[in-house]
Amino acid sequence: MNTFLPTYCTNVHAGRDLAETEANLERFSTRVRDLVATDDGDSSEIGIGLWLSAESARELREANGALAFRDRLQNRGLRIVTLNGFPYGDFHAEVVKHRVYEPHWADPRRLAYTADLAHLLVDLL
């Protein structure tokens with residue numbers, strides 16, 4: 001039995017909202033899953049370090065959609081093993097270098113985003 005689960009973080013793909021995040025998971029993550037298939041052809045699952053923007057996290061929380069989202073990913077052979085909550089917004093914007101740290105921890109938006117992610121993580125794992 002193979003106990004190695006290849007995993008990669010999805011913040012390499014844009015994902016300003018939930019629709020874009022899901023489209024990129026379908027387009028790129030399933031391809032990565034296929035590329036790392038073992039020699040015996042077992043490409044049934046890879047691990048995902050899931051990045052959700054604040055907008056994506058808010059959309060999932062407001063719709064109570066975490067379990068359905070997790071199930072859609074599992075049906076594609078994508079298992080969430082960790083959650084990346086550092087980039088708040090458009091991590092793939094033209095200028096990211098300094099803005100990636102915004103909003104800072106004194107801003108209530110950062111706290112709300114982090115709380116959304118923590119609540120979602122309960123259902124996503």
# chains A, B, ... in the order shown; residues from 1 in each chain; ligands from 1

call {"tool": "select_by_dssp", "arguments": {"residues": "chain A", "states": "helix (DSSP H, G or I)", "output": "PyMOL selection string"}}
result
chain A and resi 10-12+18-35+54-62+66-75+99-101+108-124

call {"tool": "closest_residue", "arguments": {"among": "A:Ala68, A:Ala106, A:Ile46, A:Val100", "to": "Leu120 of chain A", "atoms": "only C-alpha atoms"}}
result
A:Ala68

call {"tool": "select_by_dssp", "arguments": {"residues": "chain A", "states": "strand (DSSP E)", "output": "list in words"}}
result
Thr7, Tyr8, Cys9, Ile46, Gly47, Ile48, Gly49, Leu50, Trp51, Leu78, Arg79, Ile80, Val81, Thr82, Leu83 and Asn84 of chain A

call {"tool": "residues_around", "arguments": {"residues": "segment 10-19 of chain A", "least_positions_apart": "5", "cutoff": "12 Å", "atoms": "only C-alpha atoms", "output": "number ranges by chain"}}
result
A: 24-30, 32, 47-63, 65-66, 69, 78, 80-94

call {"tool": "write_last_selection", "arguments": {"atoms": "N, CA and C atoms", "output": "compact mmCIF listing (two decimals), in the first residue's frame"}}
result
# COMPACT_ATOMS: atom_id res chain seq x y z
N ASN A 24 -10.35 26.53 -11.63
CA ASN A 24 -8.92 26.23 -11.62
C ASN A 24 -8.61 24.88 -11.00
N LEU A 25 -9.36 24.50 -9.99
CA LEU A 25 -9.18 23.16 -9.41
C LEU A 25 -9.50 22.10 -10.46
N GLU A 26 -10.55 22.31 -11.22
CA GLU A 26 -10.91 21.36 -12.28
C GLU A 26 -9.87 21.37 -13.40
N ARG A 27 -9.46 22.53 -13.81
CA ARG A 27 -8.54 22.65 -14.94
C ARG A 27 -7.13 22.19 -14.60
N PHE A 28 -6.60 22.65 -13.48
CA PHE A 28 -5.20 22.40 -13.17
C PHE A 28 -4.97 21.26 -12.19
N SER A 29 -5.73 21.21 -11.13
CA SER A 29 -5.46 20.23 -10.08
C SER A 29 -5.73 18.81 -10.54
N THR A 30 -6.75 18.61 -11.34
CA THR A 30 -7.00 17.26 -11.85
C THR A 30 -5.89 16.85 -12.82
N VAL A 32 -2.72 17.88 -12.56
CA VAL A 32 -1.59 17.54 -11.68
C VAL A 32 -1.79 16.13 -11.13
N GLY A 47 -3.21 15.31 -2.69
CA GLY A 47 -3.53 16.26 -1.63
C GLY A 47 -3.51 17.68 -2.16
N ILE A 48 -4.36 18.50 -1.59
CA ILE A 48 -4.45 19.90 -1.99
C ILE A 48 -4.20 20.78 -0.76
N GLY A 49 -3.27 21.70 -0.90
CA GLY A 49 -3.14 22.80 0.04
C GLY A 49 -4.02 23.90 -0.53
N LEU A 50 -5.23 23.97 -0.06
CA LEU A 50 -6.24 24.84 -0.67
C LEU A 50 -6.07 26.29 -0.26
N TRP A 51 -5.96 27.17 -1.25
CA TRP A 51 -6.00 28.61 -0.98
C TRP A 51 -7.39 29.11 -1.36
N LEU A 52 -8.03 29.75 -0.41
CA LEU A 52 -9.30 30.43 -0.66
C LEU A 52 -9.10 31.92 -0.39
N SER A 53 -9.46 32.74 -1.34
CA SER A 53 -9.45 34.19 -1.09
C SER A 53 -10.53 34.50 -0.06
N ALA A 54 -10.50 35.70 0.47
CA ALA A 54 -11.54 36.11 1.42
C ALA A 54 -12.91 36.02 0.78
N GLU A 55 -13.01 36.41 -0.48
CA GLU A 55 -14.30 36.35 -1.20
C GLU A 55 -14.78 34.91 -1.34
N SER A 56 -13.88 34.00 -1.72
CA SER A 56 -14.26 32.59 -1.85
C SER A 56 -14.70 32.01 -0.52
N ALA A 57 -13.97 32.32 0.53
CA ALA A 57 -14.33 31.82 1.86
C ALA A 57 -15.69 32.36 2.29
N ARG A 58 -15.93 33.64 2.04
CA ARG A 58 -17.21 34.24 2.40
C ARG A 58 -18.36 33.58 1.63
N GLU A 59 -18.14 33.34 0.33
CA GLU A 59 -19.18 32.70 -0.48
C GLU A 59 -19.51 31.31 0.05
N LEU A 60 -18.50 30.53 0.39
CA LEU A 60 -18.74 29.18 0.92
C LEU A 60 -19.47 29.22 2.25
N ARG A 61 -19.06 30.12 3.12
CA ARG A 61 -19.69 30.23 4.45
C ARG A 61 -21.14 30.68 4.32
N GLU A 62 -21.41 31.68 3.51
CA GLU A 62 -22.78 32.20 3.39
C GLU A 62 -23.73 31.18 2.79
N ALA A 63 -23.21 30.33 1.93
CA ALA A 63 -24.05 29.31 1.29
C ALA A 63 -24.06 28.00 2.07
N GLY A 65 -21.79 25.92 2.11
CA GLY A 65 -21.42 25.04 1.02
C GLY A 65 -20.16 24.23 1.20
N ALA A 66 -19.57 24.22 2.38
CA ALA A 66 -18.28 23.57 2.56
C ALA A 66 -18.34 22.07 2.30
N PHE A 69 -18.73 21.39 -1.40
CA PHE A 69 -17.47 21.73 -2.05
C PHE A 69 -16.46 20.62 -1.85
N LEU A 78 -9.35 14.94 -5.39
CA LEU A 78 -8.60 16.03 -4.76
C LEU A 78 -8.98 16.07 -3.29
N ILE A 80 -8.37 17.75 0.36
CA ILE A 80 -7.84 18.91 1.07
C ILE A 80 -7.10 18.41 2.31
N VAL A 81 -5.81 18.77 2.40
CA VAL A 81 -5.02 18.35 3.55
C VAL A 81 -4.53 19.54 4.37
N THR A 82 -4.61 20.73 3.80
CA THR A 82 -4.23 21.95 4.51
C THR A 82 -4.92 23.13 3.84
N LEU A 83 -4.95 24.23 4.56
CA LEU A 83 -5.62 25.42 4.05
C LEU A 83 -4.67 26.60 4.14
N ASN A 84 -4.53 27.35 3.06
CA ASN A 84 -3.66 28.52 3.01
C ASN A 84 -4.52 29.76 3.18
N GLY A 85 -4.34 30.47 4.27
CA GLY A 85 -5.13 31.66 4.53
C GLY A 85 -4.31 32.94 4.56
N PHE A 86 -3.14 32.93 3.95
CA PHE A 86 -2.32 34.14 3.99
C PHE A 86 -2.77 35.18 2.96
N PRO A 87 -2.78 34.85 1.66
CA PRO A 87 -3.22 35.88 0.70
C PRO A 87 -4.71 36.14 0.86
N TYR A 88 -5.07 37.35 1.19
CA TYR A 88 -6.45 37.73 1.47
C TYR A 88 -7.26 37.89 0.18
N GLY A 89 -6.70 38.58 -0.79
CA GLY A 89 -7.46 38.93 -1.98
C GLY A 89 -6.83 38.39 -3.24
N ASP A 90 -6.69 39.26 -4.23
CA ASP A 90 -6.20 38.86 -5.55
C ASP A 90 -4.69 38.66 -5.50
N PHE A 91 -4.30 37.44 -5.21
CA PHE A 91 -2.89 37.09 -5.07
C PHE A 91 -2.15 37.12 -6.41
N HIS A 92 -2.89 37.22 -7.49
CA HIS A 92 -2.29 37.22 -8.82
C HIS A 92 -2.47 38.56 -9.52
N ALA A 93 -2.66 39.62 -8.76
CA ALA A 93 -2.79 40.96 -9.32
C ALA A 93 -1.44 41.44 -9.85
N GLU A 94 -1.45 42.53 -10.60
CA GLU A 94 -0.22 43.09 -11.16
C GLU A 94 0.81 43.41 -10.08

call {"tool": "closest_residue", "arguments": {"among": "A:Leu117, A:Val122, A:Leu111, A:Leu73", "to": "Glu22 of chain A", "atoms": "only C-alpha atoms"}}
result
A:Leu73

call {"tool": "atom_distance", "arguments": {"atom1": "atom CA of His119 of chain A", "atom2": "atom CA of Arg79 of chain A"}}
result
17.7 Å

call {"tool": "atom_distance", "arguments": {"atom1": "atom CA of Arg72 of chain A", "atom2": "atom CA of Glu20 of chain A"}}
result
14.7 Å

call {"tool": "atom_distance", "arguments": {"atom1": "atom CA of Ser44 of chain A", "atom2": "atom CA of Phe4 of chain A"}}
result
12.5 Å
